[in-house]
Every structure is written in C-alpha cells, then in structure tokens.
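One structure is given below, encoded as structure tokens.
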Amino acid sequence: MEPGALMDNLPPEACSCSALRQAARHLTRLYDEALAPTGIGLNQYSILAKVDRQGEPSVQQLAALLVMDRSTLGHLLRPLERRGLLTVRPSASDGRKRVVALTPEGGALLGSARPLWKSAEERFQAGFGQDEAAGLQALMRQVTMVGDQDAAIPSPATR
C-alpha cells in the first residue's frame, strides 16, 4: 500500500482535529450554559481563573498557559477589561511587557462563577465517568504537547 493510501480512504469525519473540535464545541456549550447567569462564557471564565491562579501573568505567559496565540487572547481580554473584571497594563519591572491582573470585581464574579463551573464539571463527570474524565484530561494535556517538540510526535516506524 502506498504511503497515505489508508488516509485517502478514510471519510472526512475521521479527522482527529475535526473530532476534537466537535467534542470541544459540545462540551463548551455545557459549560457556557452553566455559566450563563454570570454573563461570561467558558473562554472568559478560563482566562479569569488562570489570572487568579497565576497572580499577574504577562499577556505572553497567559497565552501560553491557555494554549492560544496572543492576538486571540487580546481579542478576548478587551471585553473583560471593558467590564472592569481585569486590567492589562505595562509591567512595573519591564515596560515592554503587559501584565494582566484580576480586579476586585473580577474576583467577585469569578467567586460566583466557580460553583456554576463546578456543577458543569460534575455534570460532565456524571455522564462521562469520573475516571474517564480524568483520563481524558490527561490525554488532552498530551495532545497539547504534540508538535511542541519533535520527540512528542512518534514516527510511524516507532509506533
């Protein structure tokens, strides 16, 4: 069989990226619905929660933690900043860097959103299985490493 011939015969829905994106959209909907009373969605919740855990990360650090490019993150930060939930300002130690900080309002909103996020997480685990959810998280962390280093992608000969 010629290289790539097997892939040529697979239906388009067999694409790993497509399957992951569909699952992500489905799961995001579950969390967005749970978080709706707070007026933020899962993307915004994730940003606020990461900033809360990290203190005052730079925009570049935050983008890396969220596995997203800086321009996408900037697009998501602006509405949070307009709502007064976080600030983006030059770093005191290096004026070339911008740091993100949670405001008291952002902390309060995050505090009210956490139980809603937790209920969505519990709902997912109840339907999917707690052990399966933990395994899925480990697997997805592994997926985010693919391409970061050549060693993370096993060649077909070593599989």
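Labels for the structure tokens follow display order: chains A, B, ..., residues from 1 in each chain, ligands from 1.
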
Who sits within 10 Å of A:Lys50, only C-alpha atoms, same chain under 5 positions skipped, as a PyMOL selection string: chain A and resi 44-45+55-57+62+65-66+102

For stretch 76-92 of chain A, please output as a tab-separated table (two decimals) with N, CA and C atoms, in the first residue's frame all residues within 8 Å (counting only C-alpha atoms; exclusion window: fewer than 4 positions along the same chain).
```
chain	number	residue	atom	x	y	z
A	43	ASN	N	-14.66	30.52	27.84
A	43	ASN	CA	-13.39	31.16	27.49
A	43	ASN	C	-13.04	32.26	28.48
A	44	GLN	N	-14.00	33.10	28.79
A	44	GLN	CA	-13.76	34.19	29.72
A	44	GLN	C	-13.51	33.67	31.13
A	48	LEU	N	-10.12	34.32	33.44
A	48	LEU	CA	-10.18	34.86	34.80
A	48	LEU	C	-9.57	33.88	35.80
A	58	SER	N	2.14	37.86	32.41
A	58	SER	CA	2.23	38.69	31.22
A	58	SER	C	1.22	38.14	30.20
A	72	THR	N	-5.44	36.34	19.61
A	72	THR	CA	-6.74	35.81	20.03
A	72	THR	C	-6.98	36.17	21.49
A	96	ARG	N	8.13	46.86	28.51
A	96	ARG	CA	7.80	46.30	27.19
A	96	ARG	C	6.74	45.21	27.31
A	97	LYS	N	6.62	44.62	28.50
A	97	LYS	CA	5.64	43.54	28.72
A	97	LYS	C	4.37	44.13	29.30
A	98	ARG	N	3.25	43.50	28.94
A	98	ARG	CA	1.97	43.88	29.54
A	98	ARG	C	1.54	42.74	30.46
A	99	VAL	N	1.06	43.11	31.64
A	99	VAL	CA	0.61	42.10	32.61
A	99	VAL	C	-0.90	42.21	32.78
A	100	VAL	N	-1.48	41.10	33.13
A	100	VAL	CA	-2.93	41.00	33.31
A	100	VAL	C	-3.18	40.76	34.79
A	101	ALA	N	-4.11	41.52	35.35
A	101	ALA	CA	-4.45	41.37	36.77
A	101	ALA	C	-5.96	41.36	36.95
A	102	LEU	N	-6.40	40.55	37.88
A	102	LEU	CA	-7.82	40.49	38.23
A	102	LEU	C	-8.18	41.69	39.08
A	103	THR	N	-9.31	42.31	38.82
A	103	THR	CA	-9.79	43.41	39.66
A	103	THR	C	-10.64	42.80	40.78
A	104	PRO	N	-10.97	43.58	41.81
A	104	PRO	CA	-11.88	43.05	42.83
A	104	PRO	C	-13.22	42.60	42.24
A	105	GLU	N	-13.71	43.32	41.23
A	105	GLU	CA	-14.96	42.93	40.57
A	105	GLU	C	-14.79	41.60	39.85
A	106	GLY	N	-13.63	41.44	39.21
A	106	GLY	CA	-13.34	40.18	38.53
A	106	GLY	C	-13.24	39.02	39.50
A	107	GLY	N	-12.62	39.28	40.65
A	107	GLY	CA	-12.52	38.25	41.68
A	107	GLY	C	-13.88	37.86	42.22
A	109	LEU	N	-16.79	38.16	40.60
A	109	LEU	CA	-17.51	37.42	39.56
A	109	LEU	C	-16.98	35.99	39.45
```

Computed interatomic separation between atom CA of A:Thr38 and atom CA of A:Gly129 (Å): 27.0 Å

Option closest in space to A:Ala49, from A:Ser112, A:Thr144, A:Gln130, A:Gln137 [counting only C-alpha atoms]: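 Among A:Ser112, A:Thr144, A:Gln130, A:Gln137, it is A:Ser112 that comes nearest to A:Ala49.
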
Expected answer as number ranges by chain: strand (DSSP E) residues in stretch 8-115 of chain A: A: 86-90, 98-102

Output N, CA and C atoms for every residue in the selection just made, as a PDB file, in the first residue's frame.
```pdb
ATOM      1  N   LEU A  86     -10.784  42.763  34.753  1.00  0.00           N
ATOM      2  CA  LEU A  86      -9.334  42.654  34.847  1.00  0.00           C
ATOM      3  C   LEU A  86      -8.705  43.888  34.243  1.00  0.00           C
ATOM      4  N   THR A  87      -7.417  44.055  34.506  1.00  0.00           N
ATOM      5  CA  THR A  87      -6.667  45.160  33.928  1.00  0.00           C
ATOM      6  C   THR A  87      -5.510  44.585  33.116  1.00  0.00           C
ATOM      7  N   VAL A  88      -5.145  45.328  32.085  1.00  0.00           N
ATOM      8  CA  VAL A  88      -3.969  44.998  31.282  1.00  0.00           C
ATOM      9  C   VAL A  88      -3.126  46.266  31.274  1.00  0.00           C
ATOM     10  N   ARG A  89      -1.914  46.153  31.830  1.00  0.00           N
ATOM     11  CA  ARG A  89      -1.056  47.336  31.960  1.00  0.00           C
ATOM     12  C   ARG A  89       0.404  46.943  31.770  1.00  0.00           C
ATOM     13  N   PRO A  90       1.256  47.940  31.518  1.00  0.00           N
ATOM     14  CA  PRO A  90       2.684  47.625  31.392  1.00  0.00           C
ATOM     15  C   PRO A  90       3.229  47.055  32.709  1.00  0.00           C
ATOM     16  N   ARG A  98       3.248  43.501  28.941  1.00  0.00           N
ATOM     17  CA  ARG A  98       1.971  43.882  29.539  1.00  0.00           C
ATOM     18  C   ARG A  98       1.542  42.741  30.463  1.00  0.00           C
ATOM     19  N   VAL A  99       1.061  43.111  31.644  1.00  0.00           N
ATOM     20  CA  VAL A  99       0.607  42.105  32.610  1.00  0.00           C
ATOM     21  C   VAL A  99      -0.900  42.213  32.784  1.00  0.00           C
ATOM     22  N   VAL A 100      -1.484  41.095  33.129  1.00  0.00           N
ATOM     23  CA  VAL A 100      -2.931  41.001  33.310  1.00  0.00           C
ATOM     24  C   VAL A 100      -3.182  40.758  34.789  1.00  0.00           C
ATOM     25  N   ALA A 101      -4.110  41.520  35.354  1.00  0.00           N
ATOM     26  CA  ALA A 101      -4.446  41.369  36.769  1.00  0.00           C
ATOM     27  C   ALA A 101      -5.958  41.363  36.947  1.00  0.00           C
ATOM     28  N   LEU A 102      -6.404  40.554  37.880  1.00  0.00           N
ATOM     29  CA  LEU A 102      -7.823  40.487  38.228  1.00  0.00           C
ATOM     30  C   LEU A 102      -8.182  41.693  39.082  1.00  0.00           C
TER      31      LEU A 102
END
```

All residues 9 Å or closer to A:Gly74, only C-alpha atoms, same chain fewer than 4 positions away omitted, as a list of chain:residue names: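 The contact residues come out as A:Val59, A:Ala63, A:Asp69, A:Arg70, A:Arg78.
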
Generate a file of the selected residues that holds C-alpha atoms, formatted as a PDB file, in the first residue's frame.
```pdb
ATOM      1  CA  VAL A  59      -0.030  38.519  28.185  1.00  0.00           C
ATOM      2  CA  ALA A  63      -1.449  32.995  26.099  1.00  0.00           C
ATOM      3  CA  ASP A  69      -1.998  32.960  20.308  1.00  0.00           C
ATOM      4  CA  ARG A  70      -1.561  36.449  21.714  1.00  0.00           C
ATOM      5  CA  ARG A  78     -10.693  43.553  25.776  1.00  0.00           C
TER       6      ARG A  78
END
```

Picked from stretch 39-96 of chain A by DSSP as alpha helix (DSSP H), as a ChimeraX atom specification: /A:42-54,59-66,70-82

Those same residues - C-alpha atoms - I'd like them written as a tab-separated table (two decimals), in the first residue's frame.
```tsv
chain	number	residue	atom	x	y	z
A	42	LEU	CA	-16.14	29.32	29.39
A	43	ASN	CA	-13.39	31.16	27.49
A	44	GLN	CA	-13.76	34.19	29.72
A	45	TYR	CA	-14.05	32.04	32.84
A	46	SER	CA	-10.85	30.21	31.88
A	47	ILE	CA	-8.98	33.48	31.45
A	48	LEU	CA	-10.18	34.86	34.80
A	49	ALA	CA	-9.37	31.59	36.58
A	50	LYS	CA	-5.85	31.41	35.08
A	51	VAL	CA	-5.13	35.02	36.02
A	52	ASP	CA	-6.42	34.33	39.54
A	53	ARG	CA	-4.12	31.32	39.90
A	54	GLN	CA	-1.08	32.98	38.32
A	59	VAL	CA	-0.03	38.52	28.19
A	60	GLN	CA	2.53	36.20	26.58
A	61	GLN	CA	2.61	33.89	29.64
A	62	LEU	CA	-1.17	33.82	29.80
A	63	ALA	CA	-1.45	33.00	26.10
A	64	ALA	CA	0.98	30.10	26.56
A	65	LEU	CA	-0.92	28.81	29.60
A	66	LEU	CA	-4.19	28.92	27.65
A	70	ARG	CA	-1.56	36.45	21.71
A	71	SER	CA	-3.83	38.14	19.18
A	72	THR	CA	-6.74	35.81	20.03
A	73	LEU	CA	-6.10	36.37	23.73
A	74	GLY	CA	-6.02	40.13	23.19
A	75	HIS	CA	-9.41	39.91	21.47
A	76	LEU	CA	-10.80	38.00	24.49
A	77	LEU	CA	-9.19	40.30	27.08
A	78	ARG	CA	-10.69	43.55	25.78
A	79	PRO	CA	-14.32	42.86	26.80
A	80	LEU	CA	-13.18	41.63	30.22
A	81	GLU	CA	-11.17	44.80	30.65
A	82	ARG	CA	-14.10	46.98	29.49
```

What lies within 10 Å of stretch 26-33 of chain A using only C-alpha atoms, ignoring chain neighbours under 4 positions off, as an mmCIF file with C-alpha atoms, in the first residue's frame?
```cif
data_model
loop_
_atom_site.group_PDB
_atom_site.id
_atom_site.type_symbol
_atom_site.label_atom_id
_atom_site.label_comp_id
_atom_site.auth_asym_id
_atom_site.auth_seq_id
_atom_site.Cartn_x
_atom_site.Cartn_y
_atom_site.Cartn_z
ATOM 1 C CA LEU A 20 -11.652 17.144 18.821
ATOM 2 C CA ARG A 21 -13.187 20.447 17.727
ATOM 3 C CA GLN A 22 -16.690 18.955 17.641
ATOM 4 C CA PRO A 37 -26.128 33.558 34.871
ATOM 5 C CA THR A 38 -22.747 35.279 35.389
ATOM 6 C CA GLY A 39 -22.705 36.827 31.920
ATOM 7 C CA ILE A 40 -19.440 35.141 30.960
ATOM 8 C CA GLY A 41 -18.685 32.054 28.918
ATOM 9 C CA LEU A 42 -16.137 29.316 29.391
ATOM 10 C CA ASN A 43 -13.386 31.162 27.486
ATOM 11 C CA GLN A 44 -13.756 34.193 29.717
ATOM 12 C CA TYR A 45 -14.045 32.040 32.844
ATOM 13 C CA LEU A 116 -21.522 27.059 38.381
ATOM 14 C CA TRP A 117 -18.370 25.825 36.645
ATOM 15 C CA LYS A 118 -18.066 23.081 39.270
ATOM 16 C CA SER A 119 -21.658 21.973 38.622
ATOM 17 C CA ALA A 120 -20.904 21.732 34.874
ATOM 18 C CA GLU A 121 -17.764 19.726 35.630
ATOM 19 C CA ARG A 123 -22.474 17.023 35.307
ATOM 20 C CA PHE A 124 -19.905 16.068 32.673
#
```
